[in-house]
Amino acid sequence: KFTSGRDGHAGPQGCTSRLPALLSPPDAEKTPGYWNKGARRRLELALALQPAAQRAKNIILFMGDGMGLSTMSAARIYKGQLAGGSGEESVLAMETFPHVALAKVSGAVLRGTLLLPLLETPLHPSCFQTYTIDRQVPDSAGTGTAYLCGVKANAKTLGLSGAAIYGKCRTTFGNEVDSVLHRARLAGKSVGIVTTTRVQHASPGAAYAHSASRGWYADANMPKEALRDGCKDIAYQLVHNTDINVILGGGRMYMMPKRTPDPEYPEDPDQNGTRKDSRDLIAEWLSARQGARYVWDKEGLDAVEDDSVSHLMGLFEPKDMRYELNRNASTDPSIVEMMEKAIRILRRNPNGFFLFVEDDHISYAGGRIDHGHHSGRAKQALMEAVMLDRAVARAGELTSPADTLTVVTADHSHVFTFGGSTPRGNSIFGLAPKKAKDKRAYTSILYGNGPGYSIHDGARPAASLPAAEDKDYRQQAAVPLETETHSGEDVVVLAQGPMAHLFHGVQEQHYIAHAMAYAACLEPYATEPGCRAARRASHGTQCSPQPLFTLLALCMAALVMRG
């Protein structure tokens, strides 16, 4: 259990957290005592750390789409530089979680069995392998099915086992797998989705949809054969598969009949509804849920009173939401604002809640972190990662680690890196101090492939400032591609709260769903030891009518006897 200290760092519950900040007078860092004192303090905190073995009432899963380790490291520096520091000494909120490490523990994975040295004390660093059944380097659909549904699957398929074949509708039936979100709703918890991409996108889609293609956003995106065979589009499944209490993100056009003008861009036909079946899925969703509200801009979201609605749908763009650096703060909510509204609504349920929060601005096929990387625009991607971290910090203020398991991870990484022997305090988007072999300057941030590849007159152009600091600047890439690709290295998982110690070692990515389900007593772990007591504790917070009926009966009996 961790609580925040005055300096914003986390420490074991009951301990005063005063981790020495690295941002200090330069002379202090030159003395061994500075580093020895800091290490000793961290050692004391590590020795005081105890697993929180109680079951989780609430779960929040933060997904940084494409947020690999290099992205996290660069985002940490960017966060510090935004605050006026040199950057390297900064700490992300997610990095204060106790059960995490940015290095692999000694061991191996063989046929799904974790092989670890026999240690007196369990280790808690977590690196997760992101491959899918058919790909060494995964996509967001296959990984979403893994960390939400608990099984490895084929790329580009959603909510289906590996027996399903991409694009083949008939292989859907009988191969459906349910997500942790769906199981949480069946268990009586409230559930929600918050994303900076379209709510029908691969990552959030894995929480509720069963689709042989991640691209079947609406019926207009489906082949006739799939429609004829009985498959439903992802937007339809969003409304009809799982009773989701809070849905916030983009994706309006897939919910409205074809040629229906968009409320925000009524004069732009490219933003109109796309559905060929003439269904208004927003209206269907509202009519099926008493007390439900629909909003499409920040003003509408702000007007929603947390205690007045049981269900809220907010779709703030026809497709994906805008990058944070491009966002109109007066009309579009941020990921932090959406997440806070979701938590305030969901936490009213005495049985608890499950919330999935994704920033997908890294990739063309993922969140906004993911989208930024795919387009080769590192500043856009890193700002999205910083915003996700701000959401993590705010969630910590709105919940308690005593009953809320919070997990932060990524679905995959990108061919993104930074280096070049840059000096302390160098802008993360700045230039390397020395020129390359071709006598031209280059940025510290580079991509292994992507649209940043450029050759003019037989040579690459020299990088320069201030151009390299622009939000839309494309860092140079080694291999020319229309879009930058995912990478296949392991991703980190950070966790705090009840059962956070289950996240340890080198694990397969689908283990995340199982650890969350176990922590919250969800199927298939609903009858595990400790779950009955956890359910009694949750139900104990509800107002039961039985004592009132008993008291009324006693009063009536007394009146009869007195009469």
# chains A, B, ... in the order shown; residues from 1 in each chain; ligands from 1

call {"tool": "residues_around", "arguments": {"residues": "segment 278-289 of chain A", "least_positions_apart": "6", "cutoff": "8 Å", "atoms": "only C-alpha atoms", "output": "list in words"}}
result
Ala235, Tyr236, Val239, Met255, Met256, Pro257, Lys258 and His311 of chain A

call {"tool": "write_last_selection", "arguments": {"atoms": "all heavy atoms", "output": "JSON list (two decimals), in the first residue's frame"}}
result
[["chain", "number", "residue", "atom", "x", "y", "z"],
["A", 235, "ALA", "N", -19.39, -1.24, -33.62],
["A", 235, "ALA", "CA", -20.25, -0.23, -33.02],
["A", 235, "ALA", "C", -21.55, -0.85, -32.51],
["A", 235, "ALA", "O", -22.04, -0.51, -31.43],
["A", 235, "ALA", "CB", -20.54, 0.88, -34.03],
["A", 236, "TYR", "N", -22.13, -1.74, -33.29],
["A", 236, "TYR", "CA", -23.34, -2.44, -32.86],
["A", 236, "TYR", "C", -23.08, -3.22, -31.58],
["A", 236, "TYR", "O", -23.89, -3.21, -30.64],
["A", 236, "TYR", "CB", -23.82, -3.38, -33.97],
["A", 236, "TYR", "CG", -25.03, -4.21, -33.58],
["A", 236, "TYR", "CD1", -26.31, -3.76, -33.87],
["A", 236, "TYR", "CD2", -24.88, -5.43, -32.94],
["A", 236, "TYR", "CE1", -27.43, -4.52, -33.52],
["A", 236, "TYR", "CE2", -25.98, -6.20, -32.58],
["A", 236, "TYR", "CZ", -27.25, -5.73, -32.88],
["A", 236, "TYR", "OH", -28.34, -6.49, -32.51],
["A", 239, "VAL", "N", -23.04, -1.32, -28.24],
["A", 239, "VAL", "CA", -24.34, -1.00, -27.68],
["A", 239, "VAL", "C", -25.04, -2.24, -27.13],
["A", 239, "VAL", "O", -25.77, -2.18, -26.13],
["A", 239, "VAL", "CB", -25.22, -0.30, -28.74],
["A", 239, "VAL", "CG1", -26.66, -0.17, -28.28],
["A", 239, "VAL", "CG2", -24.62, 1.06, -29.09],
["A", 255, "MET", "N", -21.85, 5.41, -35.34],
["A", 255, "MET", "CA", -23.06, 5.19, -34.55],
["A", 255, "MET", "C", -24.31, 5.76, -35.22],
["A", 255, "MET", "O", -25.42, 5.49, -34.77],
["A", 255, "MET", "CB", -22.91, 5.84, -33.17],
["A", 255, "MET", "CG", -21.62, 5.48, -32.44],
["A", 255, "MET", "SD", -21.59, 3.79, -31.86],
["A", 255, "MET", "CE", -22.66, 3.91, -30.44],
["A", 256, "MET", "N", -24.13, 6.53, -36.28],
["A", 256, "MET", "CA", -25.25, 7.27, -36.88],
["A", 256, "MET", "C", -25.54, 6.80, -38.30],
["A", 256, "MET", "O", -24.63, 6.33, -39.01],
["A", 256, "MET", "CB", -24.94, 8.76, -36.89],
["A", 256, "MET", "CG", -24.67, 9.35, -35.51],
["A", 256, "MET", "SD", -24.48, 11.15, -35.56],
["A", 256, "MET", "CE", -23.04, 11.33, -36.61],
["A", 257, "PRO", "N", -26.80, 6.91, -38.75],
["A", 257, "PRO", "CA", -27.15, 6.51, -40.12],
["A", 257, "PRO", "C", -26.36, 7.31, -41.16],
["A", 257, "PRO", "O", -25.96, 8.45, -40.93],
["A", 257, "PRO", "CB", -28.65, 6.82, -40.21],
["A", 257, "PRO", "CG", -29.13, 6.80, -38.80],
["A", 257, "PRO", "CD", -27.99, 7.32, -37.98],
["A", 258, "LYS", "N", -26.20, 6.70, -42.30],
["A", 258, "LYS", "CA", -25.47, 7.31, -43.40],
["A", 258, "LYS", "C", -26.07, 8.67, -43.76],
["A", 258, "LYS", "O", -27.28, 8.84, -43.79],
["A", 258, "LYS", "CB", -25.50, 6.38, -44.62],
["A", 258, "LYS", "CG", -24.58, 6.79, -45.75],
["A", 258, "LYS", "CD", -24.59, 5.74, -46.86],
["A", 258, "LYS", "CE", -23.65, 6.13, -48.00],
["A", 258, "LYS", "NZ", -23.66, 5.10, -49.06],
["A", 311, "HIS", "N", -25.64, 5.90, -16.54],
["A", 311, "HIS", "CA", -24.92, 5.58, -17.77],
["A", 311, "HIS", "C", -24.60, 6.89, -18.50],
["A", 311, "HIS", "O", -25.45, 7.77, -18.60],
["A", 311, "HIS", "CB", -25.75, 4.68, -18.68],
["A", 311, "HIS", "CG", -25.96, 3.30, -18.14],
["A", 311, "HIS", "ND1", -26.84, 3.03, -17.11],
["A", 311, "HIS", "CD2", -25.40, 2.11, -18.49],
["A", 311, "HIS", "CE1", -26.81, 1.73, -16.85],
["A", 311, "HIS", "NE2", -25.95, 1.15, -17.68]]

call {"tool": "select_by_dssp", "arguments": {"residues": "segment 310-368 of chain A", "states": "strand (DSSP E or B)", "output": "PyMOL selection string"}}
result
chain A and resi 311-315+353-359+361-362

call {"tool": "residues_around", "arguments": {"residues": "Phe316 of chain A", "least_positions_apart": "6", "cutoff": "9 Å", "atoms": "only C-alpha atoms", "output": "compact mmCIF listing (two decimals) with all heavy atoms, in the first residue's frame"}}
result
# COMPACT_ATOMS: atom_id res chain seq x y z
N LEU A 248 -16.51 6.93 -23.10
CA LEU A 248 -16.02 8.26 -23.46
C LEU A 248 -14.86 8.14 -24.43
O LEU A 248 -13.88 7.43 -24.18
CB LEU A 248 -15.57 9.01 -22.20
CG LEU A 248 -16.64 9.24 -21.12
CD1 LEU A 248 -16.01 9.90 -19.89
CD2 LEU A 248 -17.78 10.08 -21.65
N GLY A 249 -14.96 8.84 -25.56
CA GLY A 249 -13.91 8.83 -26.58
C GLY A 249 -14.43 9.44 -27.86
O GLY A 249 -15.26 10.35 -27.86
N GLY A 250 -13.92 8.96 -28.99
CA GLY A 250 -14.40 9.41 -30.29
C GLY A 250 -15.22 8.33 -30.96
O GLY A 250 -15.56 7.30 -30.36
N GLY A 251 -15.58 8.55 -32.24
CA GLY A 251 -16.27 7.51 -33.01
C GLY A 251 -17.73 7.75 -33.26
O GLY A 251 -18.49 6.79 -33.41
N ARG A 252 -18.16 9.02 -33.37
CA ARG A 252 -19.59 9.30 -33.59
C ARG A 252 -20.11 8.74 -34.91
O ARG A 252 -21.23 8.24 -34.99
CB ARG A 252 -19.82 10.83 -33.59
CG ARG A 252 -19.82 11.48 -32.24
CD ARG A 252 -20.35 12.90 -32.33
NE ARG A 252 -19.60 13.79 -33.18
CZ ARG A 252 -18.76 14.72 -32.76
NH1 ARG A 252 -18.52 14.86 -31.46
NH2 ARG A 252 -18.14 15.51 -33.60
N GLU A 264 -21.05 18.55 -34.63
CA GLU A 264 -19.95 19.52 -34.51
C GLU A 264 -19.49 20.05 -35.86
O GLU A 264 -19.05 21.19 -35.97
CB GLU A 264 -18.78 18.87 -33.77
CG GLU A 264 -17.66 19.84 -33.41
CD GLU A 264 -16.60 19.19 -32.54
OE1 GLU A 264 -16.69 17.96 -32.30
OE2 GLU A 264 -15.67 19.91 -32.11
N VAL A 295 -23.52 12.95 -24.54
CA VAL A 295 -22.94 14.28 -24.78
C VAL A 295 -21.92 14.16 -25.91
O VAL A 295 -21.41 13.07 -26.20
CB VAL A 295 -22.26 14.84 -23.52
CG1 VAL A 295 -23.27 15.02 -22.39
CG2 VAL A 295 -21.12 13.93 -23.06
N TRP A 296 -21.64 15.29 -26.57
CA TRP A 296 -20.67 15.25 -27.67
C TRP A 296 -19.65 16.38 -27.61
O TRP A 296 -18.83 16.53 -28.52
CB TRP A 296 -21.37 15.26 -29.02
CG TRP A 296 -22.30 16.43 -29.26
CD1 TRP A 296 -23.64 16.48 -29.01
CD2 TRP A 296 -21.94 17.71 -29.80
NE1 TRP A 296 -24.14 17.72 -29.35
CE2 TRP A 296 -23.13 18.49 -29.85
CE3 TRP A 296 -20.75 18.27 -30.25
CZ2 TRP A 296 -23.15 19.79 -30.33
CZ3 TRP A 296 -20.77 19.59 -30.73
CH2 TRP A 296 -21.96 20.33 -30.77
N ASP A 297 -19.64 17.16 -26.52
CA ASP A 297 -18.60 18.17 -26.36
C ASP A 297 -18.29 18.36 -24.88
O ASP A 297 -18.96 17.81 -24.00
CB ASP A 297 -19.00 19.50 -27.02
CG ASP A 297 -20.25 20.12 -26.42
OD1 ASP A 297 -20.79 19.57 -25.43
OD2 ASP A 297 -20.69 21.15 -26.94
N LYS A 298 -17.26 19.15 -24.59
CA LYS A 298 -16.82 19.35 -23.22
C LYS A 298 -17.90 20.03 -22.38
O LYS A 298 -18.07 19.72 -21.19
CB LYS A 298 -15.53 20.17 -23.19
CG LYS A 298 -14.91 20.32 -21.82
CD LYS A 298 -13.61 21.10 -21.91
CE LYS A 298 -12.94 21.18 -20.54
NZ LYS A 298 -13.76 21.91 -19.55
N THR A 331 -13.71 22.98 -26.24
CA THR A 331 -14.73 22.12 -26.84
C THR A 331 -14.49 20.63 -26.62
O THR A 331 -15.44 19.84 -26.65
CB THR A 331 -14.82 22.38 -28.36
OG1 THR A 331 -13.55 22.11 -28.97
CG2 THR A 331 -15.22 23.82 -28.64
N ASP A 332 -13.23 20.23 -26.43
CA ASP A 332 -12.91 18.82 -26.30
C ASP A 332 -12.29 18.53 -24.94
O ASP A 332 -11.32 19.20 -24.54
CB ASP A 332 -11.93 18.38 -27.39
CG ASP A 332 -12.52 18.52 -28.79
OD1 ASP A 332 -13.73 18.30 -28.93
OD2 ASP A 332 -11.77 18.87 -29.72
N PRO A 333 -12.78 17.56 -24.21
CA PRO A 333 -12.19 17.22 -22.91
C PRO A 333 -10.85 16.50 -23.08
O PRO A 333 -10.61 15.85 -24.10
CB PRO A 333 -13.23 16.31 -22.27
CG PRO A 333 -13.91 15.66 -23.43
CD PRO A 333 -13.94 16.70 -24.52

call {"tool": "residues_around", "arguments": {"residues": "Thr260 of chain A", "least_positions_apart": "6", "cutoff": "8 Å", "atoms": "only C-alpha atoms", "output": "list in words"}}
result
Asn272, Gly273 and Thr274 of chain A
